[in-house]
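Input: a single structure, listed below in structure tokens.
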Amino acid sequence: MSGFKSHILGNFLIDILVVTGLFYLSDLFNLVFLKNYIYDPEKMITLISISFIFSIFPDIDTNSHAQKIFYFIFLLVYLYFFFKGEYKTVAILGLFGFLPVLSKHRSWTHSKMAAILICSLFLFLPYLFPNISKADSICYFIASLVGYFNHLIIDGIFFR
Ligand SMILES: [Zn+2]
């Protein structure tokens with residue numbers, strides 16, 4: 001199985017485990033906050049999408065399916081901010097967007113520190129976009145970490 005397929009399958013399995021665990025926990029402890037997430041299909045799709053994107057993200061440093069998918073999504077986001085007239089965001093995206101392709105395969109994008117730093121960018125979203133709540137940003141952060149660490153585990157890097 002190719003690296004890409006094993007990352008997709010691995011992420012699919014870990015997402016099923018995490019979602020099942022969250023269902024169980026929310027029922028066991030009657031966690032209303034968690035239930036609001038689990039029973040809201042839009043929120044669940046968002047979290048699973050974030051987890052999926054971050055499960056393939058580390059491989060954008062090499063010519064791969066992950067790189068093509070990531071830069072396609074990146075282009076859409078880039079154009080969105082461009083046509084919205086938010087040129088500061090466009091400049092920041094442009095600056096950081098090409099950094100992964102300048103590095104060797106399995107270098108900084110495959111480190112635990114990069115996982116934590118990149119995923120923690122979600123925690124700043126409520127300060128940039130007031131319509132995103134802090135609770136949502138924490139959930140995005142956790143979903144991205146699940147996907148990213150899942151990639152590092154499958155690549156055999158996480159436990160090094
Ligand atoms: Zn990898």
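Chain labels run A, B, ... following the order of the structure tokens; each chain numbers its residues from 1, and ligands are numbered from 1 in the order shown.
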
Need to verify the contact set: A:Asn63, 12 Å, only C-alpha atoms, exclusion of same-chain residues closer than 2 positions in sequence. Can you return it as a ChimeraX atom specification?
/A:4,58-61,65-71,100-105

What would the file look like if the residues just selected were written as a PDB file, in the first residue's frame with C-alpha atoms?
ATOM      1  CA  PHE A   4      -0.769   8.112   0.720  1.00  0.00           C
ATOM      2  CA  PRO A  58       3.496  16.415   6.413  1.00  0.00           C
ATOM      3  CA  ASP A  59       4.031  14.890   2.940  1.00  0.00           C
ATOM      4  CA  ILE A  60       3.614  18.238   1.149  1.00  0.00           C
ATOM      5  CA  ASP A  61       7.413  18.449   1.284  1.00  0.00           C
ATOM      6  CA  HIS A  65      -0.831  13.304  -3.809  1.00  0.00           C
ATOM      7  CA  ALA A  66      -0.729  15.161  -0.496  1.00  0.00           C
ATOM      8  CA  GLN A  67       1.214  18.016  -2.086  1.00  0.00           C
ATOM      9  CA  LYS A  68      -1.254  18.317  -4.993  1.00  0.00           C
ATOM     10  CA  ILE A  69      -4.313  18.268  -2.682  1.00  0.00           C
ATOM     11  CA  PHE A  70      -2.756  20.691  -0.189  1.00  0.00           C
ATOM     12  CA  TYR A  71      -1.685  23.247  -2.774  1.00  0.00           C
ATOM     13  CA  PRO A 100       7.630  23.155   2.839  1.00  0.00           C
ATOM     14  CA  VAL A 101       8.790  22.663  -0.766  1.00  0.00           C
ATOM     15  CA  LEU A 102      12.190  24.209   0.056  1.00  0.00           C
ATOM     16  CA  SER A 103      12.992  21.481   2.596  1.00  0.00           C
ATOM     17  CA  LYS A 104      14.061  17.850   2.211  1.00  0.00           C
ATOM     18  CA  HIS A 105      11.439  15.092   2.479  1.00  0.00           C
TER      19      HIS A 105
END

- [ ] Kindly work out which residues sit at most 12 Å from ligand 1, using only C-alpha atoms and all ligand atoms, and give the list as a PyMOL selection string.
- [x] chain A and resi 2-8+54-67+104-111+147-158

With N, CA and C atoms retained, export the selected residues as a compact mmCIF listing (two decimals), in the first residue's frame.
# COMPACT_ATOMS: atom_id res chain seq x y z
N SER A 2 0.53 2.21 -0.84
CA SER A 2 1.36 3.43 -0.91
C SER A 2 1.23 4.23 0.38
N GLY A 3 2.19 5.13 0.58
CA GLY A 3 2.18 5.97 1.77
C GLY A 3 0.89 6.76 1.87
N PHE A 4 0.45 7.29 0.72
CA PHE A 4 -0.77 8.11 0.72
C PHE A 4 -1.98 7.30 1.17
N LYS A 5 -2.11 6.08 0.59
CA LYS A 5 -3.26 5.24 0.94
C LYS A 5 -3.21 4.82 2.40
N SER A 6 -2.01 4.51 2.91
CA SER A 6 -1.94 4.08 4.31
C SER A 6 -2.25 5.25 5.25
N HIS A 7 -1.92 6.47 4.84
CA HIS A 7 -2.27 7.62 5.68
C HIS A 7 -3.78 7.87 5.67
N ILE A 8 -4.41 7.69 4.50
CA ILE A 8 -5.87 7.88 4.40
C ILE A 8 -6.57 6.82 5.24
N PHE A 54 -4.73 17.22 7.86
CA PHE A 54 -3.48 17.18 8.62
C PHE A 54 -2.85 15.79 8.64
N SER A 55 -3.63 14.77 8.30
CA SER A 55 -3.03 13.43 8.22
C SER A 55 -2.19 13.27 6.97
N ILE A 56 -2.39 14.14 5.97
CA ILE A 56 -1.55 14.08 4.77
C ILE A 56 -0.61 15.27 4.67
N PHE A 57 -0.85 16.30 5.51
CA PHE A 57 -0.06 17.54 5.44
C PHE A 57 1.46 17.33 5.45
N PRO A 58 2.03 16.51 6.34
CA PRO A 58 3.50 16.42 6.41
C PRO A 58 4.15 16.04 5.08
N ASP A 59 3.43 15.32 4.21
CA ASP A 59 4.03 14.89 2.94
C ASP A 59 3.97 15.95 1.84
N ILE A 60 3.60 17.19 2.18
CA ILE A 60 3.61 18.24 1.15
C ILE A 60 5.04 18.65 0.80
N ASP A 61 6.02 18.11 1.56
CA ASP A 61 7.41 18.45 1.28
C ASP A 61 8.01 17.59 0.17
N THR A 62 7.20 16.77 -0.48
CA THR A 62 7.70 15.93 -1.56
C THR A 62 6.63 15.84 -2.65
N ASN A 63 7.02 15.45 -3.85
CA ASN A 63 6.08 15.31 -4.95
C ASN A 63 5.12 14.16 -4.64
N SER A 64 3.91 14.48 -4.18
CA SER A 64 2.99 13.45 -3.71
C SER A 64 1.55 13.89 -3.96
N HIS A 65 0.59 12.95 -3.74
CA HIS A 65 -0.83 13.30 -3.81
C HIS A 65 -1.13 14.38 -2.77
N ALA A 66 -0.50 14.22 -1.60
CA ALA A 66 -0.73 15.16 -0.50
C ALA A 66 -0.36 16.58 -0.93
N GLN A 67 0.76 16.70 -1.63
CA GLN A 67 1.21 18.02 -2.09
C GLN A 67 0.21 18.63 -3.06
N LYS A 104 13.93 19.26 2.62
CA LYS A 104 14.06 17.85 2.21
C LYS A 104 12.84 17.08 2.69
N HIS A 105 12.55 15.93 2.04
CA HIS A 105 11.44 15.09 2.48
C HIS A 105 11.72 14.54 3.87
N ARG A 106 10.68 14.52 4.68
CA ARG A 106 10.74 14.06 6.07
C ARG A 106 11.73 14.85 6.92
N SER A 107 11.78 16.16 6.68
CA SER A 107 12.59 16.98 7.60
C SER A 107 11.63 17.67 8.58
N TRP A 108 11.55 19.00 8.56
CA TRP A 108 10.78 19.68 9.62
C TRP A 108 9.29 19.39 9.60
N THR A 109 8.69 19.11 8.42
CA THR A 109 7.24 18.83 8.41
C THR A 109 6.94 17.50 9.11
N HIS A 110 7.97 16.67 9.31
CA HIS A 110 7.79 15.39 9.98
C HIS A 110 8.33 15.42 11.41
N SER A 111 8.17 16.55 12.10
CA SER A 111 8.64 16.60 13.49
C SER A 111 7.46 16.90 14.42
N GLY A 147 -4.86 14.16 13.37
CA GLY A 147 -4.44 13.84 12.00
C GLY A 147 -2.93 13.86 11.84
N TYR A 148 -2.29 14.91 12.37
CA TYR A 148 -0.84 15.08 12.21
C TYR A 148 -0.07 13.96 12.91
N PHE A 149 -0.41 13.71 14.18
CA PHE A 149 0.30 12.66 14.93
C PHE A 149 0.05 11.28 14.31
N ASN A 150 -1.15 11.10 13.76
CA ASN A 150 -1.46 9.85 13.07
C ASN A 150 -0.49 9.63 11.91
N HIS A 151 -0.19 10.70 11.18
CA HIS A 151 0.78 10.62 10.08
C HIS A 151 2.16 10.23 10.61
N LEU A 152 2.58 10.90 11.69
CA LEU A 152 3.92 10.63 12.24
C LEU A 152 4.02 9.21 12.77
N ILE A 153 2.94 8.69 13.35
CA ILE A 153 2.93 7.32 13.86
C ILE A 153 3.07 6.33 12.69
N ILE A 154 2.29 6.55 11.62
CA ILE A 154 2.33 5.64 10.47
C ILE A 154 3.71 5.68 9.80
N ASP A 155 4.33 6.86 9.75
CA ASP A 155 5.68 6.98 9.17
C ASP A 155 6.76 6.43 10.10
N GLY A 156 6.37 6.05 11.32
CA GLY A 156 7.34 5.50 12.27
C GLY A 156 8.23 6.55 12.90
N ILE A 157 7.78 7.79 12.94
CA ILE A 157 8.58 8.90 13.46
C ILE A 157 8.15 9.29 14.86
N PHE A 158 6.88 9.07 15.19
CA PHE A 158 6.33 9.59 16.44
C PHE A 158 7.06 9.08 17.69

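We find atom CA of A:Ser120 and atom CA of A:Ser144 to be spaced 8.8 Å apart.
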
**OP:** Could you please write out, as JSON, numbers by chain, every residue of chain A that DSSP assigns to helix (DSSP H, G or I)?
**Re:** {"A": [3, 4, 5, 6, 7, 8, 9, 10, 11, 12, 13, 14, 15, 16, 17, 18, 19, 20, 21, 22, 23, 24, 25, 26, 27, 28, 32, 33, 34, 35, 36, 37, 38, 41, 42, 43, 44, 45, 46, 47, 48, 49, 50, 51, 52, 53, 54, 55, 56, 57, 58, 59, 60, 61, 65, 66, 67, 68, 69, 70, 71, 72, 73, 74, 75, 76, 77, 78, 79, 80, 81, 82, 83, 84, 87, 88, 89, 90, 91, 92, 93, 94, 95, 96, 97, 99, 100, 101, 102, 108, 109, 110, 112, 113, 114, 115, 116, 117, 118, 119, 120, 121, 122, 123, 124, 125, 126, 127, 128, 134, 135, 136, 137, 138, 139, 140, 141, 142, 143, 144, 145, 146, 147, 148, 149, 150, 151, 152, 153, 154]}

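When atom CA of A:Phe23 is paired with atom CA of A:Cys139, their separation reads 14.8 Å.
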
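Note that the spacing between atom CA of A:Phe141 and atom CA of A:Ala114 amounts to 13.3 Å.
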
Mind checking which residues fall within 12 Å of A:Gly94, counting only C-alpha atoms, ignoring those fewer than 2 positions away in the same chain, and posting them as a count of residues only?
19
